[in-house]
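First comes the structure, then the notes that go with it.
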Amino acid sequence: MRDADDNRSNTAPAHVAIIMDGNGRWAKARGLPRTAGHKKGVDAVRRTVEAARELGIGTLTIFSFSSENWRRPEEEISDLMGLLRFYLRSEVAELHRAGIRLRVIGDRNRLSDDINRLIDNAEGLTRDNRVMTLVVALSYGSRLEIVHAARRLAEEAAAGRLSPDAIDEDALSARLYTADIPDPDLIIRTSGEKRISNFLLWQAAYAELVFVDTLWPDFTKRDLEAAIEEFHRRERRFGATTAGSR
Ligand code: IPE
Ligand code: IPE
Ligand code: MG
């Protein structure tokens with residue numbers, strides 16, 4: 001774990017995660033179809049990835065599609081999957097040039113074969129990049145992630161490969177999609193909603209939460225910097241009485 005007062009220095013948080021919300025409302029306010037908001041949302045993703053890299057953030061996680069978003073109308077899902085294909089085809093070379101490693105977390109079984117192939121290719125191509133890691137949460141739901149981890153622990157215990165006594169926080173963390181990714185320091189949600197919506201529930205145990213009114217398509221580098229400034233004003237205690245007394 002990092003020092004409790006680390007976030008009061010001027011260094012960028014190591015891991016920033018964003019719940020990108022408000023595409024639909026952005027479109028509605030302009031009398032446009034929801035897809036138009038999602039398209040603008042892709043531009044905001046491009047800007048934000050670039051801004052995060054410039055600010056020296058080590059890991060940027062973006063919540064792109066939740067396991068609950070499968071409940072949306074078929075047409076909207078198909079538009080979103082189309083945009084995902086477009087992003088994976090058009091942006092990966094640029095991510096690679098910029099030294100960014102791409103990782104996808106979520107229930108890959110529900111994604112189509114061609115999208116899974118694009119993801120495999122992108123992850124393979126960018127595997128050794130070290131400038132920044134971009135984690136895309138896709139068909140992601142935190143409760144299901146924890147259930148899958150619990151099931152794996154149970155299977156290993158039942159098979160005699162794991163003693164129940166050895167099941168601790170690290171053992172569970174190691175079986176989440178995020179096993180090799182540090183916990184988020186800062187979670188930002190756009191669009192004025194103040195909830196977590198089943199995102200990184202375990203990993204967010206000590207994250208600072210920043211809620212901003214900006215709708216995702218309007219999110220800029222300035223909004224990211226403002227959220228990081230807010231993060232620097234917070235005092236992280238990790239359960240201790242003051243930041244310095246751990
Ligand atoms: C976020 O925008 C994108 C996804 C969840 C895929 P929304 O589509 O949730 O937009 P609002 O919340 O309806 O404005
Ligand atoms: C959360 O946004 C999921 C993503 C940003 C991908 P939603 O718009 O789906 O969340 P709720 O339904 O408002 O909680
Ligand atoms: Mg929403």
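How things are named: the first chain in the structure tokens is A, the next is B, and so on; residues count from 1 in each chain; ligands count from 1 in the order shown.
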
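Using only C-alpha atoms, the protein and nucleic acid residues lying no more than 9 Å from segment 52-56 of chain A, apart from those fewer than 2 places from it along its own chain, are Thr11, Ala12, Pro13, Ala14, Val16, Arg47, Thr48, Val49, Glu50, Gly58, Thr59, Leu60, Ala98, Ile100, Val131, Met132, Lys221, Leu224 and Glu225 of chain A.
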
For the residues selected in the previous step, produce a file with N, CA and C atoms as a PDB file, in the first residue's frame.
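Result written to selection-v5.pdb:
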ATOM      1  N   THR A  11       2.346  14.395  -7.350  1.00  0.00           N
ATOM      2  CA  THR A  11       2.385  13.333  -8.355  1.00  0.00           C
ATOM      3  C   THR A  11       0.962  12.896  -8.699  1.00  0.00           C
ATOM      4  N   ALA A  12       0.787  12.464  -9.925  1.00  0.00           N
ATOM      5  CA  ALA A  12      -0.538  12.010 -10.351  1.00  0.00           C
ATOM      6  C   ALA A  12      -0.889  10.725  -9.598  1.00  0.00           C
ATOM      7  N   PRO A  13      -2.171  10.512  -9.304  1.00  0.00           N
ATOM      8  CA  PRO A  13      -2.555   9.239  -8.697  1.00  0.00           C
ATOM      9  C   PRO A  13      -2.133   8.080  -9.609  1.00  0.00           C
ATOM     10  N   ALA A  14      -1.703   6.978  -9.010  1.00  0.00           N
ATOM     11  CA  ALA A  14      -1.205   5.868  -9.827  1.00  0.00           C
ATOM     12  C   ALA A  14      -2.314   5.267 -10.685  1.00  0.00           C
ATOM     13  N   VAL A  16      -6.345   5.867 -11.856  1.00  0.00           N
ATOM     14  CA  VAL A  16      -7.601   6.620 -11.919  1.00  0.00           C
ATOM     15  C   VAL A  16      -8.617   5.774 -12.681  1.00  0.00           C
ATOM     16  N   ARG A  47      -9.620  11.713 -25.976  1.00  0.00           N
ATOM     17  CA  ARG A  47      -9.035  12.880 -25.281  1.00  0.00           C
ATOM     18  C   ARG A  47      -8.526  12.518 -23.906  1.00  0.00           C
ATOM     19  N   THR A  48      -9.329  11.707 -23.183  1.00  0.00           N
ATOM     20  CA  THR A  48      -8.999  11.423 -21.792  1.00  0.00           C
ATOM     21  C   THR A  48      -7.789  10.492 -21.690  1.00  0.00           C
ATOM     22  N   VAL A  49      -7.691   9.537 -22.615  1.00  0.00           N
ATOM     23  CA  VAL A  49      -6.530   8.638 -22.614  1.00  0.00           C
ATOM     24  C   VAL A  49      -5.264   9.464 -22.834  1.00  0.00           C
ATOM     25  N   GLU A  50      -5.330  10.360 -23.785  1.00  0.00           N
ATOM     26  CA  GLU A  50      -4.187  11.226 -24.079  1.00  0.00           C
ATOM     27  C   GLU A  50      -3.836  12.104 -22.865  1.00  0.00           C
ATOM     28  N   GLY A  58      -0.485   6.155 -14.153  1.00  0.00           N
ATOM     29  CA  GLY A  58       0.061   4.841 -14.511  1.00  0.00           C
ATOM     30  C   GLY A  58      -0.988   3.908 -15.096  1.00  0.00           C
ATOM     31  N   THR A  59      -2.183   3.934 -14.504  1.00  0.00           N
ATOM     32  CA  THR A  59      -3.279   3.077 -14.966  1.00  0.00           C
ATOM     33  C   THR A  59      -4.555   3.906 -15.053  1.00  0.00           C
ATOM     34  N   LEU A  60      -5.202   3.823 -16.195  1.00  0.00           N
ATOM     35  CA  LEU A  60      -6.506   4.472 -16.375  1.00  0.00           C
ATOM     36  C   LEU A  60      -7.509   3.365 -16.668  1.00  0.00           C
ATOM     37  N   ALA A  98       1.896   5.164 -28.670  1.00  0.00           N
ATOM     38  CA  ALA A  98       2.059   5.985 -27.471  1.00  0.00           C
ATOM     39  C   ALA A  98       2.586   5.176 -26.280  1.00  0.00           C
ATOM     40  N   ILE A 100       1.110   2.570 -24.806  1.00  0.00           N
ATOM     41  CA  ILE A 100       0.034   2.216 -23.870  1.00  0.00           C
ATOM     42  C   ILE A 100      -0.336   0.748 -24.010  1.00  0.00           C
ATOM     43  N   VAL A 131       4.268   2.768 -20.742  1.00  0.00           N
ATOM     44  CA  VAL A 131       4.007   4.181 -20.447  1.00  0.00           C
ATOM     45  C   VAL A 131       2.745   4.322 -19.594  1.00  0.00           C
ATOM     46  N   MET A 132       1.702   3.588 -19.967  1.00  0.00           N
ATOM     47  CA  MET A 132       0.451   3.624 -19.200  1.00  0.00           C
ATOM     48  C   MET A 132      -0.332   2.351 -19.518  1.00  0.00           C
ATOM     49  N   LYS A 221      -9.600  17.440 -20.582  1.00  0.00           N
ATOM     50  CA  LYS A 221      -8.396  17.326 -19.751  1.00  0.00           C
ATOM     51  C   LYS A 221      -8.529  18.194 -18.504  1.00  0.00           C
ATOM     52  N   LEU A 224     -10.383  16.412 -15.853  1.00  0.00           N
ATOM     53  CA  LEU A 224      -9.546  15.389 -15.236  1.00  0.00           C
ATOM     54  C   LEU A 224      -8.582  16.032 -14.243  1.00  0.00           C
ATOM     55  N   GLU A 225      -7.984  17.149 -14.659  1.00  0.00           N
ATOM     56  CA  GLU A 225      -7.058  17.852 -13.759  1.00  0.00           C
ATOM     57  C   GLU A 225      -7.788  18.336 -12.506  1.00  0.00           C
TER      58      GLU A 225
END

Go through chain A and flag each residue having an atom no more than 7 Å from ligand 3; for those, report the closest pair of atoms plus their distance in Å to one decimal, using only C-alpha atoms and all ligand atoms, ordered by chain and rising number, as CSV.
residue,atom,partner,partner_atom_place_in_ligand_line,distance
A:Asp21,CA,ligand 3,1 (Mg),4.8
A:Gly22,CA,ligand 3,1 (Mg),5.3
A:Gly24,CA,ligand 3,1 (Mg),6.9

| message | With only C-alpha atoms as the counted atoms, please give the residues lying no more than 10 Å from segment 117-121 of chain A, apart from itself and same-chain residues fewer than 3 positions off, as a PyMOL selection string. | response | chain A and resi 84-85+88-89+92+102-104+108+112-114+124-127

| Expected selection as an NGL selection string for ligand 2 within 9 Å, only C-alpha atoms and all ligand atoms | :A and (18-24 or 62-69 or 137-140 or 189-190 or 193-199)

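The interatomic distance for the pair atom 8 (O, counted along the ligand's line) of ligand 1 and atom CA of Glu74 of chain A works out to 13.3 Å.
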
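Residue nearest ligand 1, chosen from A:Gly99, A:Gly141, A:Pro73, A:Gly37 and counting only C-alpha atoms and all ligand atoms: A:Gly37.
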
| note | Of A:Gly31, A:Gly239, A:Pro217, A:Gly82, the one sitting nearest ligand 1 when using only C-alpha atoms and all ligand atoms is A:Pro217

| query | Leaving out segment 229-231 of chain A and any residue of its chain fewer than 2 positions from it, which residues lie within 9 Å of it when counting only C-alpha atoms, given as an NGL selection string? | reply | :A and (7-8 or 10 or 13 or 185-186 or 208-210 or 224-227 or 233-235)
